[in-house]
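Below: one structure, written as structure tokens.
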Amino acid sequence: MIKYLFFILSFIFEMGNSQILKPFDNEKCQYFSYKIKGNEAVKFEFLSEEDYNNLKSKKIKLNPIFNLENQNLLSEFKTKFPKVFQDSCATFSFYENNKLRKSKSCNIKFLLVDKKSDYYIFKMAGFEISGFLLFNEKTKISQVTDGFPQILENGKYIASFDNGLNSTTINFYKKSEKNFNEYELNITPRFRIDEYNLYKNPYGNFDVFIAVSSKSLKLIEEGKNGKKYELDENNGCNLKLKISY
């Protein structure tokens, strides 16, 4: 989860840990669980290999990921919004508990890496801080995601996927009539996202489908200094999941 000092996401709806169910209930997968936070209920499904491959045939093309600062975009941003960066500090506006608040930070580095639709995308870096900040040039309101954001249909949908040091997280924003519905899905940290995709369902909304895995350990050395293990790439738990928002 993003650890940043100037903004705390608040959610109305929260689902507790859910243990894996049959037909995936086996020793290798027994530690799988997840937690969902969001404005509304979220549907979570386990997929067979056949169903997963069928969805892959319908997947949409995702945007490339950028991590390096774009100096041309930065010059453009500073010309348009000269008050955001002043005196080595940055001031951004966020919605918190349905109230618009301004937050000033002088200890976080913001690298402008890309622009999609109406959003300037900043990569954040600082002490115990990581993630991305999205600045909407029309509303001048910002949002945050753990991973690089996928901005779809001119910002109607925003999704990100992140294998962090202490968490495996999916962020999802869906624009409603007045604001955004916000969702965060956290998967047991030992499970990592191997592949992620989105597709447009028959109702016109975007669903997320992912492949996750947790590798077993294998003994590679045993001596006076103890035992040494490494990840066994051919042995572990592999799951296919679909999340409908």
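Starting from 1 in every chain, residues are counted up; chains themselves are A, B, ... following the order of the structure tokens, and ligands are numbered from 1 as listed.
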
Task: Close residues, Tyr245 of chain A itself excluded, 7 Å, only C-alpha atoms, min 6 positions apart in chain, as an MDAnalysis selection string - done: chainID A and resid 42:43 207

Task: Picked from segment 5-191 of chain A by DSSP as strand (DSSP E or B), as a VMD selection string - done: chain A and resid 13 to 15 34 to 38 43 to 46 85 to 86 89 to 96 99 to 105 109 to 116 119 to 126 129 to 136 142 to 145 150 to 152 157 to 163 168 to 175 180 to 187

TODO: Return the single residue from A:Asn205, A:Gln150, A:Thr188, A:Asn67 that is closest to Gly164 of chain A, with distances computed using only C-alpha atoms.
DONE: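 Using only C-alpha atoms, Gly164 of chain A sits closest to A:Thr188.
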
Open item on the list: List the spatial neighbours of segment 97-111 of chain A as a ChimeraX atom specification - criterion: any atom at most 7 Å away, only C-alpha atoms, same-chain residues fewer than 2 positions off excluded.
Closed with: /A:6,10,69,88-95,113,122-126

- [ ] Based on DSSP run over this structure's backbone, return all residues of segment 38-211 of chain A in alpha helix (DSSP H), as a list in words.
- [x]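 The alpha helix (DSSP H) subset of segment 38-211 of chain A is Glu49, Glu50, Asp51, Tyr52, Asn53, Asn54, Leu55, Lys56, Gln71, Asn72, Leu73, Leu74, Ser75, Glu76, Phe77, Lys78, Thr79 and Lys80 of chain A.
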
Open item on the list: Report as a PyMOL selection string all protein, DNA and RNA residues lying within 12 Å of Asp162 of chain A, evaluated on only C-alpha atoms, omitting residues in the same chain fewer than 2 positions from it.
Closed with: chain A and resi 1-2+130-132+145-150+159-160+164-172+184-187+189+191-196+210+212
